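Novice: Provided below: query_13.cif, containing mmCIF, C-alpha atoms.
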data_data
#
loop_
_atom_site.label_atom_id
_atom_site.label_comp_id
_atom_site.auth_asym_id
_atom_site.auth_seq_id
_atom_site.Cartn_x
_atom_site.Cartn_y
_atom_site.Cartn_z
CA MET A 19 12.46 -3.39 12.69
CA VAL A 20 11.82 0.26 13.42
CA ASP A 21 14.70 2.50 12.40
CA ILE A 22 14.76 6.00 13.85
CA LEU A 23 15.75 9.27 12.24
CA LEU A 24 16.05 12.26 14.53
CA GLY A 25 17.87 15.54 15.08
CA LEU A 26 20.85 15.80 17.42
CA GLN A 27 20.92 19.57 17.88
CA TRP A 28 18.25 22.25 18.47
CA GLY A 29 16.12 21.24 15.50
CA ASP A 30 16.24 22.44 11.88
CA GLU A 31 18.95 19.88 11.07
CA GLY A 32 17.42 18.85 7.73
CA LYS A 33 15.48 15.75 8.76
CA GLY A 34 12.84 16.14 6.06
CA LYS A 35 15.34 15.77 3.24
CA ILE A 36 16.90 12.63 4.69
CA VAL A 37 13.53 10.99 5.40
CA ASP A 38 12.63 11.67 1.77
CA VAL A 39 15.91 10.11 0.63
CA LEU A 40 15.60 7.05 2.87
CA ALA A 41 11.85 6.50 2.35
CA PRO A 42 12.27 4.13 -0.66
CA GLN A 43 13.94 1.64 1.72
CA TYR A 44 10.88 1.59 4.00
CA GLU A 45 7.26 0.59 3.63
CA VAL A 46 6.16 2.87 6.49
CA VAL A 47 7.23 6.35 7.66
CA ALA A 48 5.76 7.46 10.99
CA ARG A 49 5.91 10.71 13.01
CA PHE A 50 6.16 9.95 16.72
CA GLN A 51 6.06 13.35 18.48
CA GLY A 52 5.82 17.10 18.05
CA GLY A 53 3.28 18.98 16.00
CA PRO A 54 2.96 21.96 13.66
CA ASN A 55 5.96 23.57 15.35
CA ALA A 56 8.01 21.27 13.10
CA GLY A 57 9.06 22.39 9.65
CA HIS A 58 10.56 19.61 7.55
CA THR A 59 11.81 21.01 4.27
CA LEU A 60 12.18 18.89 1.13
CA GLU A 61 13.52 20.12 -2.22
CA PHE A 62 13.30 18.17 -5.46
CA ASP A 63 12.54 18.80 -9.13
CA GLY A 64 13.25 22.49 -8.52
CA ASN A 65 10.45 22.82 -5.97
CA LYS A 66 10.55 23.41 -2.20
CA HIS A 67 8.07 21.83 0.19
CA VAL A 68 7.67 22.38 3.94
CA LEU A 69 5.75 19.75 5.91
CA HIS A 70 4.64 20.43 9.48
CA GLN A 71 2.57 17.46 10.62
CA ILE A 72 2.47 15.07 7.67
CA PRO A 73 5.37 12.57 7.55
CA SER A 74 8.07 13.27 4.98
CA GLY A 75 7.48 10.00 3.11
CA ILE A 76 4.23 11.37 1.69
CA PHE A 77 5.75 12.02 -1.76
CA ARG A 78 6.52 8.29 -2.18
CA ASN A 79 3.42 6.60 -3.63
CA ASP A 80 4.35 3.18 -2.28
CA CYS A 81 4.96 4.40 1.28
CA THR A 82 2.46 4.31 4.15
CA ASN A 83 2.63 7.46 6.29
CA ILE A 84 1.43 7.45 9.90
CA ILE A 85 0.85 10.34 12.31
CA GLY A 86 1.36 8.62 15.66
CA ASN A 87 -0.27 9.00 19.04
CA GLY A 88 2.70 11.00 20.39
CA VAL A 89 1.98 13.87 17.98
CA VAL A 90 -0.24 16.88 18.73
CA LEU A 91 -2.25 17.81 15.65
CA ASP A 92 -3.87 21.06 14.57
CA PRO A 93 -6.78 20.27 12.20
CA VAL A 94 -6.59 23.75 10.64
CA ILE A 95 -2.93 23.43 9.71
CA PHE A 96 -3.50 19.83 8.62
CA LYS A 97 -6.19 20.97 6.17
CA LYS A 98 -3.87 23.64 4.74
CA GLU A 99 -1.07 21.08 4.36
CA ILE A 100 -3.32 18.66 2.50
CA GLU A 101 -4.58 21.42 0.21
CA GLY A 102 -0.97 22.46 -0.44
CA LEU A 103 -0.24 18.98 -1.74
CA SER A 104 -3.17 18.92 -4.17
CA ASN A 105 -0.96 19.14 -7.26
CA TYR A 106 0.92 15.93 -6.46
CA LYS A 107 -1.90 13.41 -6.97
CA ILE A 108 -1.22 11.73 -3.64
CA ASP A 109 -3.63 8.94 -2.71
CA PHE A 110 -4.20 9.95 0.91
CA ALA A 111 -6.80 7.20 1.39
CA LYS A 112 -4.04 4.69 0.71
CA ASN A 113 -0.96 6.47 2.06
CA LEU A 114 -1.93 8.46 5.18
CA PHE A 115 -3.17 7.18 8.54
CA ILE A 116 -3.68 9.17 11.75
CA SER A 117 -3.84 7.77 15.26
CA LYS A 118 -7.14 8.22 17.06
CA LYS A 119 -5.03 8.84 20.17
CA THR A 120 -3.31 11.90 18.67
CA ALA A 121 -3.96 14.97 20.85
CA VAL A 122 -5.90 17.78 19.17
CA ILE A 123 -4.80 21.43 19.26
CA LEU A 124 -7.82 23.66 19.89
CA PRO A 125 -8.11 27.38 19.05
CA THR A 126 -7.90 28.20 22.76
CA HIS A 127 -4.63 26.26 23.06
CA ARG A 128 -3.04 28.77 20.71
CA LEU A 129 -4.43 31.65 22.75
CA LEU A 130 -3.06 30.14 25.96
CA ASP A 131 0.34 29.71 24.30
CA ALA A 132 0.41 33.44 23.52
CA ALA A 133 -0.86 34.34 27.00
CA TYR A 134 1.84 32.29 28.72
CA GLU A 135 4.58 33.84 26.57
CA GLN A 136 3.25 37.34 27.21
CA ASP A 137 3.22 36.69 30.94
CA LYS A 138 6.86 35.54 30.94
CA GLY A 139 8.03 38.89 29.58
CA ASP A 140 11.83 38.89 29.16
CA GLN A 141 11.95 35.24 30.28
CA LYS A 142 9.84 33.98 27.38
CA ILE A 143 10.72 30.56 25.96
CA GLY A 144 10.54 31.55 22.29
CA SER A 145 7.47 29.43 21.57
CA THR A 146 6.22 29.10 18.00
CA LEU A 147 2.78 30.00 19.44
CA LYS A 148 1.22 26.97 17.74
CA GLY A 149 -0.44 25.76 20.94
CA ILE A 150 1.97 22.85 21.38
CA GLY A 151 2.79 23.31 25.08
CA PRO A 152 -0.78 23.87 26.29
CA THR A 153 -1.98 20.84 24.30
CA TYR A 154 0.65 18.56 25.82
CA SER A 155 -0.17 20.06 29.23
CA ASP A 156 -3.83 19.13 28.84
CA LYS A 157 -2.83 15.66 27.65
CA VAL A 158 -0.72 15.03 30.75
CA ALA A 159 -3.41 16.57 32.98
CA ARG A 160 -5.96 14.18 31.38
CA LEU A 161 -8.10 17.05 30.17
CA GLY A 162 -7.42 17.10 26.43
CA LEU A 163 -9.29 15.97 23.35
CA ARG A 164 -7.93 13.29 21.06
CA LEU A 165 -8.63 12.75 17.39
CA GLY A 166 -11.02 9.91 18.11
CA ASP A 167 -13.15 12.33 20.11
CA LEU A 168 -13.90 14.32 16.96
CA VAL A 169 -16.21 11.57 15.69
CA ALA A 170 -17.86 10.94 19.09
CA ASP A 171 -21.49 11.90 19.61
CA ASN A 172 -20.57 14.09 22.58
CA PHE A 173 -17.65 15.87 20.88
CA ARG A 174 -19.15 19.36 21.17
CA GLU A 175 -19.94 18.79 24.83
CA LYS A 176 -16.32 17.78 25.50
CA TYR A 177 -15.07 20.72 23.45
CA GLU A 178 -17.18 23.28 25.31
CA LYS A 179 -16.05 21.95 28.69
CA ILE A 180 -12.35 22.36 27.82
CA LYS A 181 -13.00 25.72 26.15
CA ALA A 182 -14.63 27.00 29.36
CA GLN A 183 -11.57 25.97 31.39
CA HIS A 184 -9.28 27.72 28.93
CA ILE A 185 -11.36 30.90 28.98
CA ARG A 186 -11.07 31.03 32.77
CA LEU A 187 -7.29 30.79 32.43
CA LEU A 188 -7.19 33.50 29.77
CA GLY A 189 -9.18 35.71 32.13
CA PHE A 190 -6.66 35.08 34.88
CA TYR A 191 -3.86 36.27 32.57
CA GLU A 192 -5.99 39.22 31.44
CA PHE A 193 -5.31 38.22 27.85
CA GLU A 194 -7.43 39.86 25.18
CA TYR A 195 -8.58 37.68 22.30
CA GLU A 196 -11.11 37.03 19.54
CA LEU A 197 -12.36 33.46 19.20
CA GLU A 198 -15.43 33.33 16.97
CA GLU A 199 -13.65 33.36 13.59
CA ALA A 200 -10.96 30.92 14.77
CA GLU A 201 -13.65 28.50 15.96
CA GLU A 202 -15.47 28.64 12.63
CA ILE A 203 -12.26 27.75 10.80
CA PHE A 204 -11.50 25.03 13.36
CA PHE A 205 -14.87 23.25 13.07
CA ASN A 206 -14.63 23.38 9.29
CA ALA A 207 -11.23 21.67 9.55
CA VAL A 208 -12.67 19.10 11.96
CA GLU A 209 -15.22 18.05 9.34
CA PHE A 210 -12.42 17.89 6.77
CA ILE A 211 -10.18 15.64 8.86
CA LYS A 212 -12.99 13.19 9.55
CA LYS A 213 -12.69 12.05 5.92
CA PHE A 214 -9.23 10.61 6.55
CA ASN A 215 -8.08 7.28 7.95
CA LEU A 216 -8.41 7.63 11.73
CA VAL A 217 -7.01 4.39 13.14
CA ASP A 218 -5.56 2.67 16.18
CA SER A 219 -2.11 3.28 14.75
CA GLU A 220 -0.26 1.16 17.32
CA TYR A 221 -1.91 -1.85 15.65
CA THR A 222 -1.14 -0.47 12.18
CA VAL A 223 2.58 -0.16 13.03
CA ASN A 224 2.88 -3.52 14.76
CA GLU A 225 0.95 -5.35 12.04
CA ALA A 226 3.35 -3.86 9.48
CA LEU A 227 6.30 -5.12 11.54
CA LYS A 228 4.71 -8.55 11.88
CA ALA A 229 4.35 -8.66 8.09
CA GLY A 230 8.09 -8.02 7.75
CA GLN A 231 7.80 -4.40 6.65
CA LYS A 232 10.43 -1.83 7.58
CA VAL A 233 9.33 1.25 9.52
CA LEU A 234 11.13 4.59 9.72
CA ALA A 235 10.24 6.71 12.75
CA GLU A 236 10.60 10.42 11.93
CA GLY A 237 11.43 12.80 14.77
CA ALA A 238 10.67 16.50 14.98
CA GLN A 239 12.58 19.33 16.66
CA GLY A 240 15.95 18.16 18.07
CA SER A 241 17.38 16.17 20.96
CA LEU A 242 18.66 19.30 22.73
CA LEU A 243 15.03 20.44 22.93
CA ASP A 244 13.88 17.25 24.68
CA ILE A 245 11.54 17.90 27.63
CA ASP A 246 13.77 15.83 29.96
CA PHE A 247 17.27 16.18 28.56
CA GLY A 248 17.23 19.52 26.76
CA SER A 249 18.15 22.97 28.11
CA TYR A 250 15.07 23.16 30.35
CA PRO A 251 12.92 25.25 30.43
CA TYR A 252 13.95 26.37 26.94
CA VAL A 253 12.73 23.14 25.40
CA THR A 254 9.77 21.71 23.52
CA SER A 255 7.00 19.78 25.27
CA SER A 256 7.66 16.25 23.98
CA SER A 257 10.29 13.51 24.11
CA THR A 258 12.40 14.22 21.03
CA THR A 259 14.93 11.44 21.67
CA ALA A 260 14.82 7.78 20.62
CA ALA A 261 13.04 6.95 23.86
CA GLY A 262 10.01 8.86 22.57
CA VAL A 263 9.52 6.42 19.69
CA CYS A 264 8.23 3.56 21.82
CA ALA A 265 5.65 5.71 23.62
CA GLY A 266 4.86 7.83 20.55
CA LEU A 267 4.11 4.92 18.22
CA GLY A 268 3.36 2.02 20.57
CA VAL A 269 6.29 -0.24 19.70
CA ALA A 270 8.47 -2.32 22.01
CA PRO A 271 12.12 -1.32 22.62
CA ARG A 272 13.37 -4.63 21.24
CA LYS A 273 11.95 -3.69 17.85
CA ILE A 274 14.26 -0.68 17.46
CA GLY A 275 17.04 -1.09 14.89
CA GLU A 276 19.25 1.63 13.40
CA VAL A 277 19.28 5.14 14.84
CA PHE A 278 20.20 7.81 12.28
CA GLY A 279 21.33 10.99 14.02
CA ILE A 280 21.26 14.16 11.92
CA PHE A 281 23.39 17.20 12.62
CA LYS A 282 24.48 20.29 10.73
CA ALA A 283 28.18 20.87 10.05
CA TYR A 284 27.67 23.88 12.35
CA CYS A 285 24.94 24.78 14.89
CA THR A 286 21.74 26.81 14.82
CA ARG A 287 19.01 27.57 17.32
CA VAL A 288 15.65 29.37 17.14
CA GLY A 289 14.24 31.14 20.16
CA SER A 290 15.69 31.61 23.63
CA GLY A 291 18.01 29.41 25.65
CA PRO A 292 21.73 28.64 25.98
CA PHE A 293 23.89 28.37 22.88
CA PRO A 294 27.57 28.11 23.89
CA THR A 295 29.05 28.40 20.38
CA GLU A 296 26.76 31.18 19.13
CA LEU A 297 28.51 33.68 16.86
CA GLU A 298 27.14 37.18 17.27
CA ASN A 299 29.55 38.54 14.69
CA GLU A 300 30.28 38.60 10.98
CA ALA A 301 30.98 34.84 10.86
CA GLY A 302 27.55 34.13 12.32
CA GLU A 303 25.91 36.45 9.80
CA LYS A 304 27.76 34.74 6.95
CA ILE A 305 26.55 31.31 8.08
CA ARG A 306 22.97 32.59 8.35
CA ALA A 307 23.04 34.12 4.88
CA GLU A 308 24.80 31.20 3.18
CA GLY A 309 22.66 28.59 4.91
CA ARG A 310 19.36 30.45 4.48
CA GLU A 311 18.91 30.05 8.21
CA PHE A 312 15.39 31.24 8.75
CA GLY A 313 12.74 29.10 10.46
CA ALA A 314 10.66 26.94 8.11
CA THR A 315 7.69 27.32 10.45
CA THR A 316 8.13 30.83 11.89
CA GLY A 317 10.43 32.58 9.41
CA ARG A 318 12.48 33.81 12.35
CA PRO A 319 16.24 34.24 11.77
CA ARG A 320 18.13 31.41 13.42
CA ARG A 321 21.01 31.98 15.79
CA CYS A 322 24.17 30.49 14.25
CA GLY A 323 27.47 29.18 15.58
CA TRP A 324 30.25 26.63 15.24
CA LEU A 325 29.80 22.90 15.79
CA ASP A 326 29.52 21.90 19.46
CA LEU A 327 31.06 18.47 20.18
CA PRO A 328 30.13 18.21 23.89
CA ALA A 329 26.48 18.76 22.96
CA LEU A 330 26.73 16.35 20.04
CA LYS A 331 28.39 13.62 22.12
CA TYR A 332 25.63 14.05 24.68
CA THR A 333 22.78 13.48 22.22
CA ILE A 334 24.62 10.60 20.50
CA MET A 335 24.81 8.92 23.90
CA LEU A 336 21.15 9.59 24.76
CA ASN A 337 19.88 8.21 21.46
CA GLY A 338 22.24 5.29 20.93
CA VAL A 339 23.05 6.64 17.48
CA THR A 340 24.42 4.03 15.07
CA GLN A 341 24.88 6.23 11.97
CA LEU A 342 25.44 9.95 11.60
CA VAL A 343 24.20 12.25 8.84
CA MET A 344 26.01 15.57 8.39
CA MET A 345 23.92 18.28 6.75
CA LYS A 346 24.80 21.56 5.06
CA ALA A 347 28.49 20.90 4.59
CA ASP A 348 28.23 23.21 1.58
CA VAL A 349 27.44 26.20 3.81
CA LEU A 350 31.01 26.06 5.15
CA ASN A 351 32.44 26.38 1.63
CA ILE A 352 32.96 30.08 2.32
CA PHE A 353 35.40 29.62 5.23
CA ASP A 354 39.16 29.19 5.01
CA GLU A 355 39.19 28.02 8.62
CA ILE A 356 36.51 26.21 10.62
CA GLU A 357 36.23 26.18 14.40
CA VAL A 358 34.94 23.18 16.37
CA CYS A 359 34.13 23.35 20.08
CA THR A 360 35.74 20.42 21.92
CA HIS A 361 35.18 21.44 25.59
CA TYR A 362 33.46 23.99 27.79
CA ARG A 363 35.43 26.09 30.26
CA LEU A 364 33.28 26.43 33.39
CA PRO A 365 33.18 29.53 35.62
CA ASP A 366 35.68 27.91 38.04
CA GLY A 367 38.19 27.50 35.19
CA SER A 368 37.83 23.73 34.82
CA LEU A 369 37.20 22.04 31.48
CA THR A 370 34.47 19.55 30.67
CA ASP A 371 33.23 17.75 27.58
CA GLN A 372 29.89 16.99 29.24
CA MET A 373 26.63 18.94 29.21
CA PRO A 374 26.27 20.67 32.61
CA TYR A 375 22.90 20.51 34.38
CA ASP A 376 22.94 24.25 35.04
CA ILE A 377 24.05 25.36 31.57
CA VAL A 378 20.94 27.57 31.42
CA ASP A 379 22.10 29.64 34.39
CA MET A 380 25.88 29.57 34.01
CA LYS A 381 28.09 31.12 31.38
CA VAL A 382 30.32 28.53 29.77
CA GLU A 383 33.16 29.44 27.43
CA PRO A 384 33.63 27.23 24.37
CA VAL A 385 37.14 25.88 23.80
CA TYR A 386 37.86 25.51 20.10
CA THR A 387 40.15 23.62 17.81
CA THR A 388 40.76 25.03 14.32
CA LEU A 389 40.49 22.96 11.16
CA LYS A 390 41.29 23.92 7.60
CA GLY A 391 38.30 24.84 5.45
CA TRP A 392 37.90 23.47 1.93
CA GLY A 393 36.99 26.84 0.38
CA ASP A 394 35.56 25.17 -2.69
CA THR A 395 32.13 24.37 -4.08
CA LEU A 396 30.64 20.95 -3.42
CA THR A 397 28.18 21.22 -6.30
CA GLY A 398 28.01 17.94 -8.20
CA VAL A 399 30.11 16.00 -5.68
CA ARG A 400 28.36 12.65 -5.22
CA LYS A 401 31.27 10.41 -4.21
CA PHE A 402 33.33 10.98 -1.10
CA GLU A 403 36.53 10.21 -2.99
CA ASN A 404 35.88 13.29 -5.14
CA ALA A 405 35.37 15.62 -2.17
CA PRO A 406 38.00 18.24 -1.26
CA GLN A 407 40.67 16.85 1.05
CA ALA A 408 39.83 19.36 3.76
CA LEU A 409 36.23 18.08 3.85
CA LYS A 410 37.53 14.51 4.10
CA ASP A 411 39.73 15.61 6.99
CA TYR A 412 36.78 17.34 8.70
CA VAL A 413 34.69 14.17 8.45
CA ALA A 414 37.56 11.98 9.67
CA TYR A 415 38.15 14.28 12.65
CA LEU A 416 34.47 14.20 13.64
CA GLU A 417 34.24 10.43 13.29
CA LYS A 418 37.24 10.01 15.57
CA GLU A 419 35.84 12.38 18.18
CA LEU A 420 32.25 11.12 18.04
CA GLU A 421 33.07 7.41 17.61
CA VAL A 422 30.17 6.91 15.20
CA PRO A 423 30.45 6.67 11.39
CA ILE A 424 29.14 9.51 9.22
CA ALA A 425 27.07 7.65 6.62
CA PHE A 426 25.81 10.65 4.63
CA VAL A 427 27.12 14.13 3.87
CA SER A 428 24.65 16.62 2.43
CA THR A 429 26.10 19.06 -0.10
CA GLY A 430 23.00 21.10 -0.96
CA PRO A 431 19.23 21.37 -0.39
CA ASP A 432 18.10 19.15 -3.27
CA ARG A 433 17.47 15.46 -2.55
CA GLU A 434 20.16 14.55 -5.11
CA ALA A 435 22.84 16.68 -3.41
CA LEU A 436 24.08 13.95 -1.11
CA ILE A 437 27.24 11.92 -0.65
CA MET A 438 26.41 8.38 0.47
CA ARG A 439 29.39 6.68 2.09
CA GLY A 440 29.93 2.95 2.38
#
Rewrite the coordinates I just gave you, this time as structure tokens.

Specialist:
Amino acid sequence: MVDILLGLQWGDEGKGKIVDVLAPQYEVVARFQGGPNAGHTLEFDGNKHVLHQIPSGIFRNDCTNIIGNGVVLDPVIFKKEIEGLSNYKIDFAKNLFISKKTAVILPTHRLLDAAYEQDKGDQKIGSTLKGIGPTYSDKVARLGLRLGDLVADNFREKYEKIKAQHIRLLGFYEFEYELEEAEEIFFNAVEFIKKFNLVDSEYTVNEALKAGQKVLAEGAQGSLLDIDFGSYPYVTSSSTTAAGVCAGLGVAPRKIGEVFGIFKAYCTRVGSGPFPTELENEAGEKIRAEGREFGATTGRPRRCGWLDLPALKYTIMLNGVTQLVMMKADVLNIFDEIEVCTHYRLPDGSLTDQMPYDIVDMKVEPVYTTLKGWGDTLTGVRKFENAPQALKDYVAYLEKELEVPIAFVSTGPDREALIMRG
């Protein structure tokens, strides 16, 4: 079966750590969407690692890692990631496979990303400027290059054709740019990536399943950034929900098993877009400082706020979540009281616990319930029975409201700082 691990909020939930923890139970870990806009952070043995395109099972020597066809891949960033892992003696020939159908991010895609953001002015999306959106746009428009094209005899011809189209667009937006150096770095990275296992990964995944191996599908970004169900247009360009796994890896729906949904004990968001529970006050600053809430990919400070149950219920429903994972419970150690949003008050005064279609354009007021904080360190807590009573009460309250069990509670950044329940 294919189990799925994905984020239930606006990304940055801590997926990398949990994939790393769960990886020993799986023979295969596969990324099914997104690209270098992802930043999956793992901490172990006193070291911190941020992966952008490579699956988070890469540190497990007995685990096959697959970059699926639903991903968009930047060869330049891929090369830097591989070089950054040089000290870990990873056998990439054995452990890393990349789909030939993976879309390739070109230097001009990054330029277009910046041009589009510049043109939007005050209405900008908050893009990471990694070229993600333009690459997915070309994919859907049937114009893009895929990884298998890099080894084709007419690769440069295909590249120059797309480049010419992009240059015409950049001229339309009157965007100034330099391309020569970026192209030199890009073509160097293309030669580098050709040395890796470029495969028809849909066969690789399905052959593993046929052999009885367990596969963990690793999501990027978060469900509230989904292209269909997120706060459009302030979303990413891929399907970040469980539905994206089948198309992003080439597996049938009947082969999906457990769905692990990851959420923080509070909320964060990077970039523009609605955030009903955002705290633009001292409490928000305290969460940001305590949680080290700065983007793993961009370094941008994250917007912070209290936990949003209507949003969480929404993404649990969309994904068919079977087990929940609560991250960063330790960040709330500093609060004597914790607020949880249970409903939105709409402009007409009515209450709802559903996600409104027009939440981007309307101002909703969060309605909170107050819970007692535990005000104590969680360092060294590995069993739920040893946790502070207030944390137990917080978990029990959420399980009752969300109607899904919380299987894991993270109590710190290290892979060992985790309470496994049941």

Novice: Please evaluate the PyMOL selection byres ((chain A and resi 221-226) around 10) against the displayed coordinates and give the resulting residues as an MDAnalysis selection string.

Specialist: chainID A and resid 19:20 45:48 82 84 86 115:117 217:220 227:233 267:270 273

Novice: Write out as an mmCIF file with C-alpha atoms, keeping the file's coordinate frame which residues come within 6 Å of range 355-371 of chain A when counting only C-alpha atoms, dropping same-chain ones fewer than 6 positions away.

Specialist:
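part05.cif, written as the output of this step:
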data_model
loop_
_atom_site.group_PDB
_atom_site.id
_atom_site.type_symbol
_atom_site.label_atom_id
_atom_site.label_comp_id
_atom_site.auth_asym_id
_atom_site.auth_seq_id
_atom_site.Cartn_x
_atom_site.Cartn_y
_atom_site.Cartn_z
ATOM 1 C CA TRP A 324 30.250 26.630 15.240
ATOM 2 C CA LEU A 325 29.800 22.900 15.790
ATOM 3 C CA ASP A 326 29.520 21.900 19.460
ATOM 4 C CA LEU A 327 31.060 18.470 20.180
ATOM 5 C CA PRO A 328 30.130 18.210 23.890
ATOM 6 C CA VAL A 382 30.320 28.530 29.770
ATOM 7 C CA GLU A 383 33.160 29.440 27.430
ATOM 8 C CA PRO A 384 33.630 27.230 24.370
ATOM 9 C CA VAL A 385 37.140 25.880 23.800
ATOM 10 C CA TYR A 386 37.860 25.510 20.100
ATOM 11 C CA THR A 387 40.150 23.620 17.810
ATOM 12 C CA THR A 388 40.760 25.030 14.320
ATOM 13 C CA LEU A 389 40.490 22.960 11.160
ATOM 14 C CA LYS A 390 41.290 23.920 7.600
ATOM 15 C CA GLY A 391 38.300 24.840 5.450
#

Novice: For the file shown, report as a list in words the outcome of the PyMOL selection byres ((chain A and resi 150) around 9) at residue level.

Specialist: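 For this structure, the PyMOL selection byres ((chain A and resi 150) around 9) resolves to Gly52, Gly53, Pro54, Asn55, Val90, Leu91, Ile123, His127, Arg128, Asp131, Ser145, Thr146, Leu147, Lys148, Gly149, Gly151, Pro152, Thr153, Tyr154, Ser155, Thr254 and Ser255 of chain A.
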
Novice: Taking C-alpha atoms for each residue, export the selection above as an mmCIF file, in the frame of the given file.

Specialist:
data_model
loop_
_atom_site.group_PDB
_atom_site.id
_atom_site.type_symbol
_atom_site.label_atom_id
_atom_site.label_comp_id
_atom_site.auth_asym_id
_atom_site.auth_seq_id
_atom_site.Cartn_x
_atom_site.Cartn_y
_atom_site.Cartn_z
ATOM 1 C CA GLY A 52 5.820 17.100 18.050
ATOM 2 C CA GLY A 53 3.280 18.980 16.000
ATOM 3 C CA PRO A 54 2.960 21.960 13.660
ATOM 4 C CA ASN A 55 5.960 23.570 15.350
ATOM 5 C CA VAL A 90 -0.240 16.880 18.730
ATOM 6 C CA LEU A 91 -2.250 17.810 15.650
ATOM 7 C CA ILE A 123 -4.800 21.430 19.260
ATOM 8 C CA HIS A 127 -4.630 26.260 23.060
ATOM 9 C CA ARG A 128 -3.040 28.770 20.710
ATOM 10 C CA ASP A 131 0.340 29.710 24.300
ATOM 11 C CA SER A 145 7.470 29.430 21.570
ATOM 12 C CA THR A 146 6.220 29.100 18.000
ATOM 13 C CA LEU A 147 2.780 30.000 19.440
ATOM 14 C CA LYS A 148 1.220 26.970 17.740
ATOM 15 C CA GLY A 149 -0.440 25.760 20.940
ATOM 16 C CA GLY A 151 2.790 23.310 25.080
ATOM 17 C CA PRO A 152 -0.780 23.870 26.290
ATOM 18 C CA THR A 153 -1.980 20.840 24.300
ATOM 19 C CA TYR A 154 0.650 18.560 25.820
ATOM 20 C CA SER A 155 -0.170 20.060 29.230
ATOM 21 C CA THR A 254 9.770 21.710 23.520
ATOM 22 C CA SER A 255 7.000 19.780 25.270
#

Novice: Check the smallest atom-to-atom distance from each of A:Arg174, A:Lys179, A:Arg287, A:His58 to Arg318 in chain A using all atoms listed in the file, then report the winner.

Specialist: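 Among the listed residues, the smallest separation from Arg318 in chain A belongs to A:Arg287.
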
Novice: For each of A:Glu194, A:Glu202, A:Glu300, A:Asp379, take the minimum atom-to-atom distance to Ser249 in chain A, counting all atoms listed in the file, then give the residue where this is smallest.

Specialist: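 Of the candidates, the smallest distance to Ser249 in chain A is held by A:Asp379.
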
Novice: Skip range 31-37 of chain A itself and residues of its chain fewer than 6 positions away, then list as a list in words all residues within 8 Å of it, counting only C-alpha atoms.

Specialist: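 Listed by chain and then number, they are Leu23, Leu24, Gly25, His58, Thr59, Leu60, Glu61, Leu69, Ser74, Gly75, Glu236, Gly237, Ala238, Gly240, Ile280, Phe281, Lys282, Met345, Pro431, Asp432 and Arg433 of chain A.
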
Novice: Which residue is closest to Ala347 in chain A? Choose from A:Ala329, A:Asp140, A:Val413, A:Arg310 and count only C-alpha atoms.

Specialist: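 Using only C-alpha atoms, Ala347 in chain A sits closest to A:Val413.
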
Novice: Counting all atoms listed in the file, what is within 9 Å of Ala261 in chain A, bar same-chain residues fewer than 5 positions away, as number ranges by chain?

Specialist: A: 266, 271, 336-337

Novice: Hey, can you check how far CA of Glu296 in chain A sits from CA of Val339 in chain A?

Specialist: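 We find that CA of Glu296 in chain A and CA of Val339 in chain A lie 24.9 Å from each other.
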
Novice: When you draw a straight line from CA of Leu161 in chain A to CA of Gly57 in chain A, how long is it in Å?

Specialist: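 If I compute the distance from CA of Leu161 in chain A to CA of Gly57 in chain A, I get 27.3 Å.
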
Novice: Which is closer to Met373 in chain A than all the others in A:Phe293, A:Phe77, A:Phe96, A:Tyr195, using only C-alpha atoms?

Specialist: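 Checking each candidate against Met373 in chain A, we get A:Phe293 as the closest.
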
Novice: Would you mind completing range 287-295 of chain A so that it carries N, CA and C atoms, and writing it out as an mmCIF file, in the coordinates of the input?

Specialist:
data_model
loop_
_atom_site.group_PDB
_atom_site.id
_atom_site.type_symbol
_atom_site.label_atom_id
_atom_site.label_comp_id
_atom_site.auth_asym_id
_atom_site.auth_seq_id
_atom_site.Cartn_x
_atom_site.Cartn_y
_atom_site.Cartn_z
ATOM 1 N N ARG A 287 20.081 27.659 16.336
ATOM 2 C CA ARG A 287 19.010 27.570 17.320
ATOM 3 C C ARG A 287 18.006 28.682 17.063
ATOM 4 N N VAL A 288 16.720 28.370 17.233
ATOM 5 C CA VAL A 288 15.650 29.370 17.140
ATOM 6 C C VAL A 288 15.090 29.601 18.533
ATOM 7 N N GLY A 289 14.829 30.841 18.873
ATOM 8 C CA GLY A 289 14.240 31.140 20.160
ATOM 9 C C GLY A 289 15.284 31.312 21.255
ATOM 10 N N SER A 290 14.816 31.354 22.492
ATOM 11 C CA SER A 290 15.690 31.610 23.630
ATOM 12 C C SER A 290 16.383 30.356 24.109
ATOM 13 N N GLY A 291 17.307 30.540 25.059
ATOM 14 C CA GLY A 291 18.010 29.410 25.650
ATOM 15 C C GLY A 291 19.496 29.440 25.371
ATOM 16 N N PRO A 292 20.273 28.628 26.114
ATOM 17 C CA PRO A 292 21.730 28.640 25.980
ATOM 18 C C PRO A 292 22.195 28.145 24.627
ATOM 19 N N PHE A 293 23.286 28.733 24.160
ATOM 20 C CA PHE A 293 23.890 28.370 22.880
ATOM 21 C C PHE A 293 25.372 28.704 22.995
ATOM 22 N N PRO A 294 26.172 27.797 23.567
ATOM 23 C CA PRO A 294 27.570 28.110 23.890
ATOM 24 C C PRO A 294 28.407 28.593 22.717
ATOM 25 N N THR A 295 28.183 28.053 21.514
ATOM 26 C CA THR A 295 29.050 28.400 20.380
ATOM 27 C C THR A 295 28.442 29.471 19.479
#
